[in-house]
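Quick notes on the structure that follows.
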Amino acid sequence: PVIRRFQFNVEWKKVTRLCHTKQLLTVNGQYPGPTIAVHEGDTVEIKVNNCINENTTIHWHGVKQLRTGWADGPAYITQCPIRSGESYTYKFSVIDQRGTLWWHAHYSWQRASVHGAFIIYPRMPYPFSTFPIEAGIPLIFGEWWNGDVEEVENEMLKSGGGPNNSDAYTINGLPGPLYPCSSRDTFISTVERGKTYLLRVINGALNDELFFAIANHTLTVVEIDAAYTKPFNTTAIMIAPGQTTTLLLNTDQIQIPDHSSGILFPMAITPYVTSSFPFNNSTSIGFLRYKSRKMNKLKRKTKFPSNQIPENLPDMKDTAFATAFSNKLRSLNSPLYPCNVPKTVHKRVFVTISLNLQNCPSRKSCKGLNGKRFFASMNNQSFIRPDSSILESHYRKIATNSYSTDFPEKPITVFDYTGVNPLTKNMNTEFGTKLLAVPYGTNLEIVFQGTNFLSVENHPIHVHGHNFFVVGRGFGNFNAGRDPAKYNLVDPPERNTVAVPRGGWAAIRIKADNPGVWFIHCHLEEHTSWGLAMGLIVRNGAGDSKSLLPPPDDLPLC
Ligand code: C2O
Ligand code: CU
């Protein structure tokens with residue numbers, strides 16, 4: 001196989017947005033970071049040099065890492081952090097996946113600015129287009145804070161409540177003209193009329209699900225999380241942090257909006273939030289610019305009109321749109337790309353997701369809200385990362401009390417999760433590092449059940465090391481007698497991150513055929529910080545091809 005080599009220097013860089021200049025954590029001085037583009041089947045080697053005064057790691061979000069868990073990246077789960085001045089080379093192959101993924105730092109809140117696109121070109125032609133694709137356009141959505149992001153996290157944990165909201169949403173690192181002092185920092189994608197483009201959309205925001213639309217244009221969804229879907233047309237998309245969506249865009253507009261700086265169609269992102277809890281309720285816009293023969297160069301001082309929010313952009317609270325959009329997603333399920341959803345289940349686990357306001361465990365300081373703080377848990381377990389690598393302990397069979405394999409397979413108390421305020425019922429969260437361990441090849445079903453207390457949005461639950469199939473999703477309490485009969489076992493969407501609806505549930509099936517230790521967590525960074533995480537251990541199967549490979553020599557030590 002072809003080996004593709006990259007070099008990542010994690011380094012500080014002075015960056016200005018909204019008239020605030022600060023040191024921003026970057027890779028190679030770029031924000032967003034460099035795009036990694038490889039071909040299906042390639043071997044990838046990325047040397048990460050830590051040029052900062054703190055720890056770091058990088059995660060290749062959605063890359064399955066078959067038998068190479070050492071390269072997955074989450075700190076203390078699959079590796080010790082790369083320390084200041086040290087390096088680590090991530091080595092893995094990209095097998096049986098194609099499409100848009102991304103990479104990001106997986107240490108504290110560094111991923112706010114340390115992220116980029118990870119594109120896998122398919123071995124075979126695209127199944128969705130017989131006409132040529134002019135170009136792929138990565139669109140990475142993010143959040144910008146005027147202050148230091150690490151301080152936002154520390155401040156959040158100290159105060160006991162939620163984090164300060166970001167100061168802007170960004171499209172490819174640029175907030176756009178709706179924000180103060182930002183007109184020059186506007187994303188513009190120049191395209192030709194009458195062509196087909198692939199938009200590679202990545203939600204890299206820390207804490208918000210987003211809607212996205214382009215004025216006057218219909219988008220065709222063809223792939224999510226690097227798995228092909230049955231194509232469908234839509235006026236807008238909803239995308240949760242961690243998710244990726246590939247869209248076909250036809251530049252087919254004849255009627256052109258009048259604008260002095262050329263033929264511009266606004267595109268926009270705005271959050272999807274289901275309650276009035278404080279959040280960044282702003283909108284970021286960029287532009288699609290049709291090339292014309294007599295097109296002038298955009299002047300550096302171009303003033304963009306600030307009233308150009310596309311009409312097809314859903315309202316921030318449009319749950320009906322978000323739900324209908326998710327329900328339209330289906331695996332392609334063609335002869336070349338069959339949907340391999342497990343039809344039988346060896347193990348069923350029911351996992352409640354909840355946010356709690358409660359006393360701190362003794363080892364954490366808790367000056368916050370009258371000695372209480374926000375925590376989050378799965379089956380009443382608030383996850384604490386150990387200070388050594390779980391994968392290493394597991395592989396070397398090191399006897400340790402830094403983790404255990406007794407993650408409960410149901411919550412401590414069974415009650416009406418969404419109908420009543422579970423304030424008094426779910427306070428008994430424990431703190432620890434419990435993982436679920438399954439034999440190689442287990443067909444695992446997990447039902448994630450959201451609870452209502454404090455919950456203001458969907459929880460985008462991300463599974464490392466495997467794709468899964470979203471066989472069911474609904475509002476209210478999961479009904480074990482009734483709901484499984486309605487599962488889609490024919491063409492459910494294949495993903496690595498699923499938005500578990502607020503006040504609802506999602507059922508996923510995983511074929512656990514990748515031996516190693518895999519993090520499962522909410523991709524809202526605030527919730528992960530509060531402990532909304534668990535781990536999955538997949539044991540080795542019989543024979544080398546079903547076993548984890550040995551660790552690389554340069555694996556960082558704790
Ligand atoms: Cu995209 Cu564990 O992360
Ligand atoms: Cu969450």
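Chain labels A, B, ... are given in the sequence in which chains occur in the structure tokens; within each chain residues are numbered consecutively from 1, and ligands are likewise numbered from 1 in the order shown.
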
With only C-alpha atoms and all ligand atoms counted and 9 Å as the cut-off, give the residues of chain A in contact with ligand 2, each with its shortest interatomic distance in Å and the pair that gives it, as CSV.
residue,atom,partner,partner_atom_place_in_ligand_line,distance
A:Asn207,CA,ligand 2,1 (Cu),8.6
A:Ile353,CA,ligand 2,1 (Cu),7.8
A:Ser354,CA,ligand 2,1 (Cu),8.3
A:Leu355,CA,ligand 2,1 (Cu),8.3
A:Ala376,CA,ligand 2,1 (Cu),8.0
A:Ser455,CA,ligand 2,1 (Cu),8.1
A:Glu457,CA,ligand 2,1 (Cu),7.5
A:Asn458,CA,ligand 2,1 (Cu),6.7
A:His459,CA,ligand 2,1 (Cu),3.8
A:Pro460,CA,ligand 2,1 (Cu),6.1
A:Ile461,CA,ligand 2,1 (Cu),7.2
A:Ala499,CA,ligand 2,1 (Cu),9.0
A:Val500,CA,ligand 2,1 (Cu),8.6
A:His521,CA,ligand 2,1 (Cu),8.0
A:Cys522,CA,ligand 2,1 (Cu),4.6
A:His523,CA,ligand 2,1 (Cu),6.5
A:Leu524,CA,ligand 2,1 (Cu),5.2
A:Glu525,CA,ligand 2,1 (Cu),7.9
A:Glu526,CA,ligand 2,1 (Cu),7.6
A:His527,CA,ligand 2,1 (Cu),4.9
A:Thr528,CA,ligand 2,1 (Cu),7.2
A:Leu532,CA,ligand 2,1 (Cu),6.7

Residues near A:Gln65, cut-off 8 Å, only C-alpha atoms, skip fewer than 4 positions along chain, as a VMD selection string
chain A and resid 69 71 to 72 92 to 94 465 514

Option closest in space to ligand 1, from A:Ala320, A:Val447, A:Cys558, A:Ala112 [counting only C-alpha atoms and all ligand atoms]
A:Ala112

Once you count only C-alpha atoms and all ligand atoms, which residues end up within 10 Å of ligand 1, and could you hand them over as a ChimeraX atom specification?
/A:58-62,72-75,77,101-107,111,115,203-204,206,241-243,461-465,496-497,518-525,528,533

Output C-alpha atoms of each residue in that selection to a file, as an mmCIF file, in the first residue's frame.
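Written output follows (result.cif):
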data_model
loop_
_atom_site.group_PDB
_atom_site.id
_atom_site.type_symbol
_atom_site.label_atom_id
_atom_site.label_comp_id
_atom_site.auth_asym_id
_atom_site.auth_seq_id
_atom_site.Cartn_x
_atom_site.Cartn_y
_atom_site.Cartn_z
ATOM 1 C CA ILE A 58 -4.656 14.055 18.098
ATOM 2 C CA HIS A 59 -7.675 11.892 17.260
ATOM 3 C CA TRP A 60 -8.669 10.847 13.718
ATOM 4 C CA HIS A 61 -12.381 11.135 14.217
ATOM 5 C CA GLY A 62 -14.281 8.322 12.502
ATOM 6 C CA ASP A 72 -6.724 6.555 18.030
ATOM 7 C CA GLY A 73 -5.687 9.469 20.205
ATOM 8 C CA PRO A 74 -7.978 10.147 23.189
ATOM 9 C CA ALA A 75 -5.731 11.026 26.123
ATOM 10 C CA ILE A 77 -7.868 6.056 26.934
ATOM 11 C CA LEU A 101 -14.030 12.675 8.223
ATOM 12 C CA TRP A 102 -11.948 15.005 10.357
ATOM 13 C CA TRP A 103 -9.208 15.109 12.930
ATOM 14 C CA HIS A 104 -8.970 17.053 16.168
ATOM 15 C CA ALA A 105 -6.988 17.351 19.377
ATOM 16 C CA HIS A 106 -8.286 15.054 22.120
ATOM 17 C CA TYR A 107 -6.856 16.707 25.190
ATOM 18 C CA ARG A 111 -9.991 20.813 19.744
ATOM 19 C CA HIS A 115 -8.916 20.473 13.963
ATOM 20 C CA ASN A 203 -19.195 20.348 12.611
ATOM 21 C CA GLY A 204 -16.114 21.097 14.702
ATOM 22 C CA LEU A 206 -17.371 22.599 20.772
ATOM 23 C CA PRO A 241 -20.609 18.289 16.770
ATOM 24 C CA GLY A 242 -18.508 15.360 15.599
ATOM 25 C CA GLN A 243 -20.663 14.619 12.579
ATOM 26 C CA ILE A 461 -22.875 10.412 21.290
ATOM 27 C CA HIS A 462 -19.669 9.376 19.544
ATOM 28 C CA VAL A 463 -18.213 5.870 19.496
ATOM 29 C CA HIS A 464 -14.513 5.402 18.773
ATOM 30 C CA GLY A 465 -13.118 2.506 16.748
ATOM 31 C CA ASN A 496 -19.904 7.316 14.267
ATOM 32 C CA THR A 497 -21.885 10.035 16.076
ATOM 33 C CA TRP A 518 -12.698 2.625 22.754
ATOM 34 C CA PHE A 519 -14.006 5.851 24.179
ATOM 35 C CA ILE A 520 -17.746 6.525 23.959
ATOM 36 C CA HIS A 521 -18.765 10.055 24.861
ATOM 37 C CA CYS A 522 -20.915 13.073 24.229
ATOM 38 C CA HIS A 523 -19.314 15.313 21.609
ATOM 39 C CA LEU A 524 -20.464 18.447 23.416
ATOM 40 C CA GLU A 525 -17.187 19.294 25.089
ATOM 41 C CA THR A 528 -17.494 15.340 28.328
ATOM 42 C CA ALA A 533 -18.482 9.225 28.839
#

Calculate how many Å separate atom CA of A:Ile508 from atom CA of A:Phe350, rounding to one decimal.
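Between atom CA of A:Ile508 and atom CA of A:Phe350 the gap is 10.6 Å.
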
I want to know what sits within 7 Å of A:Ile269, based on only C-alpha atoms, with residues of the same chain fewer than 3 positions away left out; could you give that as a tab-separated table (two decimals) with N, CA and C atoms, in the first residue's frame?
chain	number	residue	atom	x	y	z
A	210	LEU	N	-25.75	22.50	14.79
A	210	LEU	CA	-25.91	23.63	13.87
A	210	LEU	C	-26.84	23.29	12.70
A	211	PHE	N	-27.56	24.31	12.24
A	211	PHE	CA	-28.24	24.25	10.96
A	211	PHE	C	-27.34	24.93	9.92
A	212	PHE	N	-27.43	24.46	8.67
A	212	PHE	CA	-26.65	25.05	7.59
A	212	PHE	C	-27.51	25.12	6.33
A	213	ALA	N	-27.44	26.24	5.63
A	213	ALA	CA	-28.17	26.37	4.36
A	213	ALA	C	-27.43	27.35	3.46
A	283	THR	N	-25.50	34.06	14.31
A	283	THR	CA	-25.46	33.39	13.01
A	283	THR	C	-24.20	33.82	12.27
A	284	SER	N	-23.54	32.86	11.68
A	284	SER	CA	-22.34	33.17	10.90
A	284	SER	C	-22.68	32.99	9.43
A	285	ILE	N	-22.29	33.95	8.60
A	285	ILE	CA	-22.52	33.75	7.17
A	285	ILE	C	-21.21	33.83	6.37
